[in-house]
>>> print(open('run34.cif').read())   # mmCIF, C-alpha atoms
data_coords
#
loop_
_atom_site.label_atom_id
_atom_site.label_comp_id
_atom_site.auth_asym_id
_atom_site.auth_seq_id
_atom_site.Cartn_x
_atom_site.Cartn_y
_atom_site.Cartn_z
CA MET A 1 -13.13 12.53 11.28
CA PHE A 2 -11.84 15.86 12.54
CA LEU A 3 -8.33 14.59 13.08
CA SER A 4 -8.11 12.08 10.25
CA ASN A 5 -5.54 12.85 7.57
CA ARG A 6 -7.88 11.54 4.86
CA PRO A 7 -11.64 11.16 4.35
CA LEU A 8 -12.96 8.49 6.70
CA SER A 9 -14.87 5.71 5.02
CA ILE A 10 -17.97 4.11 6.58
CA LYS A 11 -16.00 0.87 6.82
CA LYS A 12 -13.23 2.55 8.81
CA ILE A 13 -15.73 4.25 11.16
CA LYS A 14 -17.49 0.91 11.57
CA ASN A 15 -14.21 -0.79 12.53
CA ILE A 16 -13.40 1.93 15.07
CA THR A 17 -16.82 2.42 16.67
CA GLY A 18 -18.29 -1.04 16.15
CA LYS A 19 -21.58 0.52 15.01
CA GLU A 20 -23.62 -0.60 12.03
CA SER A 21 -23.21 1.13 8.68
CA LYS A 22 -26.84 2.30 8.63
CA GLU A 23 -26.46 3.85 12.07
CA ILE A 24 -23.23 5.63 11.09
CA LYS A 25 -24.86 7.02 7.94
CA ALA A 26 -27.84 8.23 9.98
CA ILE A 27 -25.54 9.95 12.51
CA ILE A 28 -23.58 11.68 9.75
CA LYS A 29 -26.83 12.80 8.12
CA ASN A 30 -28.05 14.18 11.44
CA LEU A 31 -24.80 16.05 11.96
CA GLN A 32 -25.00 17.47 8.43
CA SER A 33 -28.56 18.70 9.09
CA GLU A 34 -27.55 20.13 12.45
CA TYR A 35 -24.64 22.12 10.97
CA GLN A 36 -26.94 23.35 8.22
CA GLU A 37 -29.63 24.44 10.64
CA HIS A 38 -27.22 26.29 12.90
CA ASN A 39 -25.49 27.86 9.90
CA ARG A 40 -22.08 26.60 10.91
CA PRO A 41 -19.07 27.71 8.87
CA PHE A 42 -18.20 24.08 8.22
CA PHE A 43 -20.01 20.98 7.01
CA ILE A 44 -19.35 17.27 6.44
CA GLN A 45 -18.49 16.60 2.83
CA GLU A 46 -18.75 13.17 1.27
CA VAL A 47 -15.64 12.98 -0.87
CA ALA A 48 -13.14 10.36 -2.11
CA LYS A 49 -15.10 7.37 -0.77
CA GLY A 50 -15.33 8.87 2.70
CA PHE A 51 -16.45 11.76 4.88
CA SER A 52 -14.46 14.81 5.89
CA PHE A 53 -14.97 18.11 7.64
CA ALA A 54 -14.84 21.01 5.21
CA THR A 55 -15.24 24.77 5.35
CA LYS A 56 -18.07 26.48 3.51
CA PRO A 57 -17.19 28.26 0.24
CA ASP A 58 -18.39 31.57 1.76
CA TYR A 59 -15.34 31.61 4.00
CA ALA A 60 -12.84 30.81 1.22
CA GLU A 61 -11.55 34.39 0.97
CA TRP A 62 -10.66 34.49 4.67
CA ILE A 63 -8.95 31.10 4.55
CA LYS A 64 -6.95 32.18 1.50
CA LYS A 65 -5.76 35.22 3.45
CA MET A 66 -4.77 32.94 6.32
CA TYR A 67 -2.61 30.98 3.90
CA ASN A 68 -1.12 34.19 2.41
CA ASN A 69 -3.32 33.90 -0.71
CA GLU A 70 -1.64 30.69 -1.77
CA LYS A 71 -3.64 29.25 -4.63
CA LYS A 72 -4.72 25.65 -4.84
CA TYR A 73 -3.27 23.55 -7.61
CA VAL A 74 -5.10 24.39 -10.86
CA LEU A 75 -5.07 21.90 -13.72
CA SER A 76 -4.74 22.89 -17.38
CA LYS A 77 -7.43 22.00 -19.94
CA SER A 78 -5.23 19.33 -21.50
CA SER A 79 -4.54 17.80 -18.07
CA ILE A 80 -8.27 17.75 -17.29
CA GLU A 81 -9.02 16.13 -20.65
CA THR A 82 -6.36 13.47 -20.03
CA LEU A 83 -7.70 12.86 -16.52
CA ALA A 84 -11.23 12.52 -17.89
CA ILE A 85 -10.09 9.90 -20.41
CA ILE A 86 -8.27 7.96 -17.68
CA ALA A 87 -11.19 8.21 -15.24
CA TYR A 88 -13.70 6.86 -17.77
CA ASN A 89 -11.49 4.15 -19.26
CA GLN A 90 -9.25 3.07 -16.38
CA PRO A 91 -7.02 1.12 -16.34
CA VAL A 92 -5.77 2.64 -19.58
CA THR A 93 -2.44 2.80 -21.46
CA ARG A 94 -0.73 5.93 -22.77
CA LEU A 95 -1.34 4.80 -26.34
CA GLU A 96 -5.08 4.43 -25.72
CA ILE A 97 -5.22 7.96 -24.27
CA GLU A 98 -3.25 9.31 -27.23
CA LYS A 99 -5.58 7.53 -29.64
CA ILE A 100 -8.51 9.51 -28.23
CA ARG A 101 -6.69 12.83 -27.81
CA GLY A 102 -4.74 12.53 -31.06
CA VAL A 103 -1.62 14.09 -29.54
CA ASN A 104 1.34 12.98 -27.45
CA CYS A 105 0.51 12.83 -23.73
CA SER A 106 3.87 11.80 -22.21
CA SER A 107 4.64 15.08 -20.46
CA ILE A 108 1.06 15.50 -19.19
CA LEU A 109 1.08 11.98 -17.77
CA LEU A 110 4.44 12.59 -16.11
CA ASN A 111 3.14 15.78 -14.55
CA LEU A 112 -0.05 14.10 -13.35
CA LEU A 113 2.02 11.24 -11.90
CA LYS A 114 4.34 13.67 -10.13
CA ASN A 115 1.40 15.51 -8.62
CA ASP A 116 -0.28 12.29 -7.52
CA PHE A 117 -3.42 12.69 -9.67
CA ILE A 118 -2.80 9.34 -11.36
CA LYS A 119 -0.88 6.19 -10.50
CA VAL A 120 0.54 3.21 -12.35
CA SER A 121 -1.69 0.23 -11.66
CA GLY A 122 0.20 -2.46 -13.60
CA ARG A 123 1.06 -3.47 -17.12
CA LYS A 124 -1.23 -4.53 -19.96
CA LYS A 125 -0.62 -8.07 -21.20
CA VAL A 126 -0.04 -7.10 -24.82
CA PRO A 127 3.21 -6.89 -26.83
CA GLY A 128 5.43 -4.31 -25.18
CA ASN A 129 3.66 -4.59 -21.81
CA PRO A 130 2.65 -0.90 -21.62
CA LEU A 131 1.94 0.74 -18.26
CA LEU A 132 -1.66 1.06 -17.11
CA TYR A 133 -2.85 4.23 -15.43
CA ARG A 134 -5.60 4.89 -12.89
CA VAL A 135 -6.80 8.02 -11.13
CA THR A 136 -5.96 8.41 -7.45
CA GLU A 137 -7.73 9.62 -4.34
CA ARG A 138 -6.25 13.05 -4.98
CA PHE A 139 -8.20 13.24 -8.25
CA LEU A 140 -11.45 12.65 -6.35
CA LEU A 141 -10.48 15.18 -3.67
CA HIS A 142 -9.47 17.81 -6.21
CA PHE A 143 -12.82 17.69 -7.99
CA GLY A 144 -14.86 16.95 -4.86
CA LEU A 145 -16.11 13.61 -6.18
CA LYS A 146 -17.52 10.88 -3.96
CA SER A 147 -16.18 8.16 -6.26
CA ILE A 148 -15.62 7.45 -9.97
CA SER A 149 -19.26 6.40 -10.28
CA ASP A 150 -20.14 9.97 -9.29
CA LEU A 151 -19.08 11.08 -12.77
CA PRO A 152 -21.82 11.67 -15.36
CA PRO A 153 -22.31 8.72 -17.74
CA ILE A 154 -20.21 9.35 -20.85
CA ASP A 155 -22.92 8.21 -23.28
CA GLN A 156 -25.44 10.65 -21.86
CA LEU A 157 -23.25 13.67 -22.34
CA GLY A 158 -25.11 16.13 -24.54
CA LEU A 159 -23.38 18.45 -26.93
CA GLY A 160 -23.61 22.07 -25.90
CA ASP A 161 -23.22 25.10 -28.14
CA GLU A 162 -19.46 25.12 -27.69
CA GLU A 163 -19.17 21.49 -28.69
CA ASN A 164 -21.33 22.05 -31.76
CA GLN A 165 -19.09 24.94 -32.71
CA ILE A 166 -16.00 22.72 -32.33
CA THR A 167 -17.64 20.07 -34.52
CA LYS A 168 -18.31 22.72 -37.15
CA ILE A 169 -14.68 23.95 -37.08
CA PHE A 170 -13.41 20.38 -37.30
CA SER A 171 -15.68 19.62 -40.28
CA GLU A 172 -14.61 22.81 -42.05
CA THR A 173 -10.92 22.06 -41.49
CA ARG A 174 -11.39 18.49 -42.71
CA ASP A 175 -13.23 19.54 -45.85
CA MET B 1 25.10 -42.54 -69.96
CA LYS B 2 21.99 -44.56 -70.58
CA LYS B 3 21.04 -44.30 -66.96
CA ASP B 4 21.46 -40.53 -67.03
CA ASN B 5 19.26 -40.18 -70.15
CA SER B 6 16.52 -42.32 -68.66
CA ASN B 7 16.58 -40.20 -65.51
CA LYS B 8 16.42 -37.05 -67.59
CA ILE B 9 13.37 -38.32 -69.41
CA LYS B 10 11.73 -39.28 -66.16
CA ILE B 11 12.36 -35.84 -64.66
CA GLU B 12 11.05 -34.09 -67.74
CA GLN B 13 7.93 -36.26 -67.66
CA PHE B 14 7.54 -35.57 -63.99
CA ILE B 15 7.81 -31.80 -64.53
CA ASN B 16 5.36 -31.98 -67.43
CA TYR B 17 2.97 -33.74 -65.12
CA VAL B 18 3.32 -30.98 -62.46
CA GLN B 19 2.84 -28.30 -65.12
CA GLN B 20 -0.27 -30.06 -66.36
CA LEU B 21 -1.60 -30.10 -62.83
CA PHE B 22 -0.97 -26.36 -62.55
CA TYR B 23 -2.77 -25.60 -65.81
CA LYS B 24 -5.71 -27.77 -64.80
CA VAL B 25 -5.97 -25.89 -61.51
CA LYS B 26 -5.63 -22.56 -63.29
CA ASN B 27 -8.38 -23.44 -65.77
CA GLY B 28 -10.65 -24.61 -63.00
CA GLU B 29 -10.62 -28.23 -64.22
CA MET B 30 -9.24 -29.43 -60.92
CA ASP B 31 -9.65 -28.47 -57.25
CA PRO B 32 -6.23 -27.41 -55.88
CA ASN B 33 -7.18 -28.92 -52.51
CA GLU B 34 -7.05 -32.35 -54.14
CA ILE B 35 -3.35 -31.94 -54.95
CA SER B 36 -0.93 -33.03 -52.27
CA LEU B 37 2.15 -30.87 -52.76
CA LEU B 38 3.95 -32.81 -50.04
CA ASN B 39 3.68 -36.04 -52.10
CA ILE B 40 4.92 -34.29 -55.26
CA LEU B 41 7.88 -32.77 -53.43
CA GLU B 42 8.81 -36.05 -51.71
CA LYS B 43 8.82 -37.86 -55.06
CA TYR B 44 10.83 -35.07 -56.65
CA PHE B 45 13.48 -35.21 -53.93
CA ALA B 46 13.62 -39.01 -54.28
CA TYR B 47 14.43 -38.55 -57.99
CA MET B 48 17.00 -35.89 -57.25
CA ILE B 49 18.78 -38.14 -54.74
CA LEU B 50 18.93 -40.94 -57.33
CA LEU B 51 20.56 -38.63 -59.85
CA ARG B 52 24.30 -38.07 -59.83
CA PRO B 53 25.22 -34.45 -58.97
CA GLY B 54 26.78 -33.76 -62.39
CA SER B 55 23.77 -34.97 -64.30
CA ILE B 56 21.24 -32.52 -62.85
CA ASN B 57 19.91 -30.19 -65.49
CA LEU B 58 19.43 -26.85 -63.74
CA ASP B 59 16.94 -25.62 -66.32
CA ILE B 60 14.66 -28.58 -65.72
CA ALA B 61 15.07 -28.27 -61.94
CA ALA B 62 14.22 -24.56 -62.12
CA ASP B 63 11.10 -25.26 -64.23
CA PHE B 64 9.94 -27.69 -61.62
CA LEU B 65 10.45 -25.11 -58.83
CA ILE B 66 8.43 -22.51 -60.78
CA SER B 67 5.56 -24.96 -61.32
CA VAL B 68 5.49 -26.03 -57.68
CA SER B 69 5.78 -22.40 -56.47
CA ASN B 70 2.80 -21.46 -58.64
CA LEU B 71 0.80 -24.32 -57.19
CA ILE B 72 1.73 -23.26 -53.63
CA LEU B 73 0.75 -19.66 -54.43
CA TRP B 74 -2.54 -20.83 -55.91
CA LYS B 75 -3.34 -22.95 -52.89
CA SER B 76 -2.34 -20.23 -50.38
CA ASN B 77 -4.49 -17.64 -52.14
CA LEU B 78 -7.47 -19.91 -51.66
CA LEU B 79 -6.90 -19.84 -47.90
CA LEU B 80 -7.07 -16.03 -47.75
CA PRO B 81 -10.43 -14.31 -47.28
CA ILE B 82 -11.88 -12.94 -50.49
CA GLN B 83 -11.40 -9.19 -50.59
CA GLN B 84 -13.89 -7.15 -52.46
CA GLU B 85 -12.35 -4.21 -54.14
CA GLN B 86 -13.78 -0.94 -52.87
CA SER B 87 -14.44 1.97 -55.10
CA ASP B 88 -12.86 5.36 -54.32
CA GLU B 89 -16.25 6.68 -53.28
CA GLU B 90 -16.75 3.81 -50.85
CA ILE B 91 -13.26 4.30 -49.38
CA GLU B 92 -13.92 8.03 -48.97
CA GLU B 93 -17.25 7.28 -47.32
CA ASP B 94 -15.59 4.83 -44.89
CA GLU B 95 -12.86 7.33 -44.03
CA LYS B 96 -15.44 10.03 -43.42
CA LEU B 97 -17.42 7.65 -41.21
CA SER B 98 -14.39 6.64 -39.13
CA SER B 99 -13.36 10.30 -38.87
CA ASP B 100 -16.88 11.21 -37.70
CA GLU B 101 -16.78 8.39 -35.16
CA TYR B 102 -13.43 9.64 -33.89
CA TRP B 103 -14.64 13.21 -33.45
CA ALA B 104 -17.84 12.02 -31.78
CA GLU B 105 -15.71 10.04 -29.29
CA TYR B 106 -13.28 12.92 -28.76
CA LYS B 107 -16.03 15.49 -28.26
CA LYS B 108 -17.45 13.45 -25.39
CA TYR B 109 -14.22 13.84 -23.45
CA HIS B 110 -13.69 17.40 -24.60
CA SER B 111 -17.13 18.38 -23.30
CA LEU B 112 -16.09 17.02 -19.91
CA ILE B 113 -13.48 19.78 -19.50
CA ARG B 114 -16.20 22.33 -18.66
CA ILE B 115 -17.79 19.97 -16.14
CA PHE B 116 -14.46 19.24 -14.46
CA GLU B 117 -13.45 22.90 -14.44
CA ASP B 118 -16.73 23.81 -12.71
CA LYS B 119 -16.12 21.11 -10.15
CA GLU B 120 -12.53 22.29 -9.68
CA ILE B 121 -13.64 25.91 -9.07
CA LYS B 122 -16.38 24.79 -6.72
CA GLN B 123 -14.05 22.51 -4.74
CA GLY B 124 -11.34 25.19 -4.82
CA ASP B 125 -13.35 27.25 -2.34
CA ILE B 126 -13.85 24.33 -0.01
CA TYR B 127 -11.05 23.57 2.43
CA LEU B 128 -10.99 20.16 4.01
CA THR B 129 -9.65 19.80 7.53
CA TYR B 130 -6.28 18.60 6.35
CA LEU B 131 -5.92 19.78 2.76
CA ASP B 132 -4.45 23.17 3.47
CA PRO B 133 -1.85 24.45 0.97
CA LYS B 134 0.99 23.71 3.39
CA ILE B 135 0.02 20.06 3.60
CA GLU B 136 -0.43 19.99 -0.16
CA ASN B 137 3.11 21.30 -0.56
CA LYS B 138 4.38 18.68 1.87
CA GLU B 139 2.62 15.99 -0.15
CA LYS B 140 4.18 17.36 -3.29
CA TYR B 141 7.65 16.95 -1.83
CA GLN B 142 6.87 13.41 -0.78
CA THR B 143 5.74 12.43 -4.25
CA ASN B 144 8.85 13.73 -6.00
CA ASP B 145 10.51 11.00 -7.95
CA PHE B 146 14.10 10.24 -8.88
CA SER B 147 13.95 12.36 -12.04
CA ASP B 148 13.71 15.51 -9.87
CA LEU B 149 16.98 14.59 -8.19
CA ILE B 150 18.65 14.15 -11.59
CA LEU B 151 17.30 17.50 -12.76
CA ALA B 152 18.56 19.15 -9.57
CA ILE B 153 22.10 17.78 -9.97
CA GLU B 154 22.14 18.73 -13.66
CA SER B 155 21.13 22.26 -12.71
CA ILE B 156 23.91 22.50 -10.10
CA LEU B 157 26.49 21.09 -12.51
CA SER B 158 25.49 23.55 -15.23
CA ARG B 159 26.03 26.44 -12.79
CA LYS B 160 29.36 25.13 -11.59
CA LYS B 161 32.24 26.32 -13.77
CA GLU B 162 34.60 23.65 -14.94
CA HIS B 163 38.26 24.12 -14.00
CA ASN B 164 41.20 22.88 -16.00
CA THR B 165 42.09 19.76 -14.11
CA ILE B 166 44.07 16.67 -15.04
CA ASN B 167 42.87 13.35 -13.80
CA LEU B 168 45.75 11.16 -12.65
CA LYS B 169 45.39 7.45 -12.86
CA LYS B 170 47.26 5.22 -10.47
CA ARG B 171 49.71 3.03 -12.35
CA GLU B 172 49.41 -0.64 -11.85
CA TYR B 173 52.18 -3.18 -12.28
CA ASN B 174 52.11 -6.89 -12.56
CA ILE B 175 54.87 -9.48 -12.50
CA ILE B 176 54.05 -11.12 -15.85
CA GLN B 177 54.22 -7.74 -17.59
CA LYS B 178 57.51 -6.94 -15.83
CA ILE B 179 59.02 -10.31 -16.80
CA ALA B 180 58.22 -9.53 -20.42
CA GLU B 181 59.87 -6.12 -20.06
CA ILE B 182 62.99 -7.63 -18.45
CA GLU B 183 63.25 -10.24 -21.19
CA GLU B 184 63.03 -7.45 -23.76
CA LYS B 185 65.83 -5.60 -21.96
CA PHE B 186 67.92 -8.79 -21.96
CA ARG B 187 67.51 -8.98 -25.72
CA GLN B 188 68.52 -5.33 -26.14
CA ASN B 189 71.59 -5.69 -23.87
CA LYS B 190 72.84 -9.00 -25.25
CA GLY B 191 71.62 -11.08 -22.31
CA LYS B 192 73.27 -8.97 -19.60
CA LEU B 193 71.61 -6.53 -17.18
CA SER B 194 72.91 -4.57 -14.22
CA PHE B 195 70.56 -4.51 -11.23
CA HIS B 196 71.26 -0.84 -10.45
CA LYS B 197 70.72 0.20 -14.05
CA MET B 198 67.49 -1.75 -14.16
CA ILE B 199 66.07 0.48 -11.43
CA THR B 200 65.67 3.94 -12.91
CA VAL B 201 65.12 7.19 -10.97
CA ASN B 202 61.48 7.34 -12.02
CA CYS B 203 60.69 3.93 -10.57
CA SER B 204 58.25 3.99 -7.67
CA ARG B 205 58.69 1.78 -4.61
CA ILE B 206 55.96 -0.56 -5.86
CA GLU B 207 57.59 -0.81 -9.27
CA ILE B 208 60.98 -1.65 -7.70
CA ILE B 209 59.31 -4.42 -5.66
CA VAL B 210 57.59 -5.78 -8.77
CA ILE B 211 60.90 -5.74 -10.73
CA PHE B 212 62.56 -7.61 -7.88
CA LEU B 213 59.75 -10.17 -7.74
CA ALA B 214 59.96 -10.61 -11.53
CA LEU B 215 63.69 -11.27 -11.30
CA LEU B 216 63.13 -13.79 -8.51
CA GLU B 217 60.53 -15.50 -10.68
CA LEU B 218 62.98 -15.68 -13.60
CA ILE B 219 65.64 -17.14 -11.27
CA CYS B 220 63.13 -19.72 -9.99
CA GLN B 221 62.25 -20.66 -13.55
CA ASP B 222 65.98 -21.15 -14.14
CA LYS B 223 66.02 -18.64 -16.96
CA VAL B 224 68.33 -16.14 -15.29
CA TYR B 225 71.40 -16.30 -13.04
CA TYR B 226 73.26 -13.50 -11.31
CA ILE B 227 76.83 -12.62 -10.39
CA GLN B 228 78.38 -10.18 -7.93
CA SER B 229 81.96 -9.46 -9.00
CA ARG B 230 83.04 -8.02 -5.63
CA ASN B 231 81.68 -7.48 -2.15
CA PHE B 232 78.97 -4.80 -2.01
CA GLY B 233 79.38 -4.40 -5.74
CA ASP B 234 76.66 -4.24 -8.38
CA ILE B 235 74.82 -7.46 -9.16
CA THR B 236 74.67 -8.44 -12.80
CA PHE B 237 71.95 -10.67 -14.20
CA TYR B 238 72.59 -12.96 -17.16
CA ARG B 239 70.15 -14.80 -19.37
CA LYS B 240 70.84 -18.51 -19.22
CA ASP B 241 70.23 -19.32 -22.86
CA ASP B 242 72.86 -16.77 -23.85
CA LYS B 243 75.91 -18.54 -25.23
CA LYS B 244 78.44 -15.99 -23.97
CA LEU B 245 78.55 -17.18 -20.40
CA PRO B 246 80.98 -15.23 -18.21
CA LYS B 247 83.74 -17.09 -16.40
CA GLU B 248 82.88 -15.61 -12.95
CA LYS B 249 81.55 -17.83 -10.21
CA ILE B 250 77.77 -17.96 -9.80
CA LYS B 251 76.67 -16.76 -6.42
CA PRO B 252 73.77 -18.43 -4.69
CA LYS B 253 72.57 -15.30 -2.83
CA ILE B 254 71.26 -12.04 -4.14
CA ASN B 255 71.63 -9.67 -1.19
CA GLY B 256 75.28 -8.83 -1.91
CA LYS B 257 76.24 -9.27 1.74
CA GLU B 258 78.11 -12.45 2.17
#
>>> encode(input="run34.cif", output="structure tokens")
Amino acid sequence: MFLSNRPLSIKKIKNITGKESKEIKAIIKNLQSEYQEHNRPFFIQEVAKGFSFATKPDYAEWIKKMYNNEKKYVLSKSSIETLAIIAYNQPVTRLEIEKIRGVNCSSILLNLLKNDFIKVSGRKKVPGNPLLYRVTERFLLHFGLKSISDLPPIDQLGLGDEENQITKIFSETRD
Amino acid sequence: MKKDNSNKIKIEQFINYVQQLFYKVKNGEMDPNEISLLNILEKYFAYMILLRPGSINLDIAADFLISVSNLILWKSNLLLPIQQEQSDEEIEEDEKLSSDEYWAEYKKYHSLIRIFEDKEIKQGDIYLTYLDPKIENKEKYQTNDFSDLILAIESILSRKKEHNTINLKKREYNIIQKIAEIEEKFRQNKGKLSFHKMITVNCSRIEIIVIFLALLELICQDKVYYIQSRNFGDITFYRKDDKKLPKEKIKPKINGKE
């Protein structure tokens, strides 16, 4: 796990060690507890369908200095919105995304493709055979998600004050 | 003439019958599904074939087409689902409803931005064992696609100043083209051409070879013969179909060295 260039899945660990999944999970849990108890600067994070060593957020400033204050890739609001639509509806076509967003998404999709946040997973069998998009492992890593199922259910999303305000603005504009 | 009149009457009766059918359907006296348009059309075409071309009355034929078209339209309308006309208020209500549905759907995804941003900030302070910025940059280079290369070359080309240059194209010669040129020269020079004059100063080595091969081809085709008036002298080519044949002896060789 320490040397792996991507989060190690239980299946992969099982293939390497020959141990049962339950046993592996128990060992990881024990290690997590041990690092917590001894207040280690690192922990084992379950991310992108696997497990990986990660540094604690408290040490982020020092690590940033080590990397000459290089910032991590930050996504724009429109990119996040597009990613959210893809994640909840994947595989999805550009037209379907645009139908929800109401604006052209070509450049955003191109940018997300270039930065490996999404990938083309095939073509939809409809006239024109449009490309279908899916989120990648990098999407899960970027947001620290275990898997797509880790996302909150879309139907249960409550409207906060900000959303109510947006609704009000939209209604006023429409009227 | 009698035959034509009888046919005319029959056609008129036939069309009257079709029109009657249409009116009955229109007035609801008859179910349009009971009418077989295929039968009517087949019978109509049978009549038309029997008629001589000159005896067809276009007015009657056109009336028939209108009646049949109306019947077809009537029958096709019955196949369409019945649309209830909506009032303006109802349309407005529907539009408002679909607009509300759209915003409700959009807001769900819009509300996710905050959640994702929080996750992004939280994860931003966590460094995985391999996801350091250097590796991220390396990954970025690996995922570059072909469009980046095109953009890069376009950028270089836009910086590079264009010099005034002339592109030279290599001339190509072929024997058929040269034969045509030689034949044209024969016409201009009354069927007589000097070998030395045929080769101009501007001729390249390849062009000279092609001219020579073209002349050989013309000799082989028995269209041209040649004469050398004296040793090491100029060789003159003559077109064979030319009537003014010189009296000199025809030489079998072309090299000029006997």
>>> residues_near_point(input="run34.cif", point="(12.4, -23.9, -64.9)", cutoff="12 Å", atoms="all atoms listed in the file", output="PyMOL selection string")
chain B and resi 11-12+15-16+18-19+57-70
>>> write_last_selection(input="run34.cif", atoms="C-alpha atoms", output="CSV table (one decimal), in the frame of the given file")
chain,number,residue,atom,x,y,z
B,11,ILE,CA,12.4,-35.8,-64.7
B,12,GLU,CA,11.0,-34.1,-67.7
B,15,ILE,CA,7.8,-31.8,-64.5
B,16,ASN,CA,5.4,-32.0,-67.4
B,18,VAL,CA,3.3,-31.0,-62.5
B,19,GLN,CA,2.8,-28.3,-65.1
B,57,ASN,CA,19.9,-30.2,-65.5
B,58,LEU,CA,19.4,-26.8,-63.7
B,59,ASP,CA,16.9,-25.6,-66.3
B,60,ILE,CA,14.7,-28.6,-65.7
B,61,ALA,CA,15.1,-28.3,-61.9
B,62,ALA,CA,14.2,-24.6,-62.1
B,63,ASP,CA,11.1,-25.3,-64.2
B,64,PHE,CA,9.9,-27.7,-61.6
B,65,LEU,CA,10.4,-25.1,-58.8
B,66,ILE,CA,8.4,-22.5,-60.8
B,67,SER,CA,5.6,-25.0,-61.3
B,68,VAL,CA,5.5,-26.0,-57.7
B,69,SER,CA,5.8,-22.4,-56.5
B,70,ASN,CA,2.8,-21.5,-58.6
>>> residues_near_point(input="run34.cif", point="(69.2, -5.9, -13.8)", cutoff="9 Å", atoms="all atoms listed in the file", output="ChimeraX atom specification")
/B:182,185-186,192-199,211,215,226,235-238
>>> interface_residues(input="run34.cif", of="chain A", to="chain B", cutoff="8 Å", atoms="only C-alpha atoms", output="MDAnalysis selection string")
chainID A and resid 2:6 52:60 67 70:72 74 77 80:81 84:85 100:101 114:116 142:144 154:155 157 159:160 163 167
>>> atom_distance(input="run34.cif", atom1="CA of Tyr133 (chain A)", atom2="CA of Arg94 (chain A)")
7.8 Å
>>> residues_around(input="run34.cif", residues="Tyr44 (chain B)", least_positions_apart="4", cutoff="9 Å", atoms="all atoms listed in the file", output="MDAnalysis selection string")
chainID B and resid 11 14 39:40 48:49 64
>>> atom_distance(input="run34.cif", atom1="CA of Gly28 (chain B)", atom2="CA of Phe45 (chain B)")
27.9 Å
>>> atom_distance(input="run34.cif", atom1="CA of Glu42 (chain B)", atom2="CA of Trp74 (chain B)")
19.4 Å
>>> resolve_selection(input="run34.cif", expression="the PyMOL selection byres ((chain B and resi 29-34) around 12)", output="MDAnalysis selection string")
chainID B and resid 20:28 35:39 68 70:79
>>> axis_aligned_box(input="run34.cif", around="region 231-237 of chain B", padding_each_side="4 Å", output="JSON")
{"center_x": 76.8, "center_y": -7.5, "center_z": -8.1, "size_x": 17.7, "size_y": 14.4, "size_z": 20.2}
>>> resolve_selection(input="run34.cif", expression="the PyMOL selection byres ((chain A and resi 112) around 10)", output="PyMOL selection string")
chain A and resi 75+79-80+82-83+106-111+113-119+135+139
>>> write_last_selection(input="run34.cif", atoms="C-alpha atoms", output="CSV table (one decimal), in the coordinates of the input")
chain,number,residue,atom,x,y,z
A,75,LEU,CA,-5.1,21.9,-13.7
A,79,SER,CA,-4.5,17.8,-18.1
A,80,ILE,CA,-8.3,17.8,-17.3
A,82,THR,CA,-6.4,13.5,-20.0
A,83,LEU,CA,-7.7,12.9,-16.5
A,106,SER,CA,3.9,11.8,-22.2
A,107,SER,CA,4.6,15.1,-20.5
A,108,ILE,CA,1.1,15.5,-19.2
A,109,LEU,CA,1.1,12.0,-17.8
A,110,LEU,CA,4.4,12.6,-16.1
A,111,ASN,CA,3.1,15.8,-14.6
A,113,LEU,CA,2.0,11.2,-11.9
A,114,LYS,CA,4.3,13.7,-10.1
A,115,ASN,CA,1.4,15.5,-8.6
A,116,ASP,CA,-0.3,12.3,-7.5
A,117,PHE,CA,-3.4,12.7,-9.7
A,118,ILE,CA,-2.8,9.3,-11.4
A,119,LYS,CA,-0.9,6.2,-10.5
A,135,VAL,CA,-6.8,8.0,-11.1
A,139,PHE,CA,-8.2,13.2,-8.2
>>> closest_residue(input="run34.cif", among="A:Leu132, A:Glu61, A:Asn39, A:Arg123", to="Thr93 (chain A)", atoms="all atoms listed in the file")
A:Leu132
>>> residues_around(input="run34.cif", residues="Lys178 (chain B)", least_positions_apart="4", cutoff="12 Å", atoms="only C-alpha atoms", output="JSON, numbers by chain")
{"B": [172, 173, 174, 182, 183, 184, 185, 198, 206, 207, 208, 209, 210, 211, 212, 213, 214, 215, 216, 217, 218]}
>>> resolve_selection(input="run34.cif", expression="the PyMOL selection byres ((chain A and resi 50) around 9)", output="PDB file with C-alpha atoms, in the coordinates of the input")
ATOM      1  CA  ARG A   6      -7.880  11.540   4.860  1.00  0.00           C
ATOM      2  CA  PRO A   7     -11.640  11.160   4.350  1.00  0.00           C
ATOM      3  CA  LEU A   8     -12.960   8.490   6.700  1.00  0.00           C
ATOM      4  CA  SER A   9     -14.870   5.710   5.020  1.00  0.00           C
ATOM      5  CA  ILE A  10     -17.970   4.110   6.580  1.00  0.00           C
ATOM      6  CA  GLN A  45     -18.490  16.600   2.830  1.00  0.00           C
ATOM      7  CA  GLU A  46     -18.750  13.170   1.270  1.00  0.00           C
ATOM      8  CA  VAL A  47     -15.640  12.980  -0.870  1.00  0.00           C
ATOM      9  CA  ALA A  48     -13.140  10.360  -2.110  1.00  0.00           C
ATOM     10  CA  LYS A  49     -15.100   7.370  -0.770  1.00  0.00           C
ATOM     11  CA  PHE A  51     -16.450  11.760   4.880  1.00  0.00           C
ATOM     12  CA  SER A  52     -14.460  14.810   5.890  1.00  0.00           C
ATOM     13  CA  LYS A 146     -17.520  10.880  -3.960  1.00  0.00           C
TER      14      LYS A 146
END
>>> residues_around(input="run34.cif", residues="Ile13 (chain A)", least_positions_apart="6", cutoff="9 Å", atoms="all atoms listed in the file", output="list in words")
Met1, Lys19, Ser21 and Ile24 of chain A
>>> write_last_selection(input="run34.cif", atoms="C-alpha atoms", output="CSV table (one decimal), in the frame of the given file")
chain,number,residue,atom,x,y,z
A,1,MET,CA,-13.1,12.5,11.3
A,19,LYS,CA,-21.6,0.5,15.0
A,21,SER,CA,-23.2,1.1,8.7
A,24,ILE,CA,-23.2,5.6,11.1
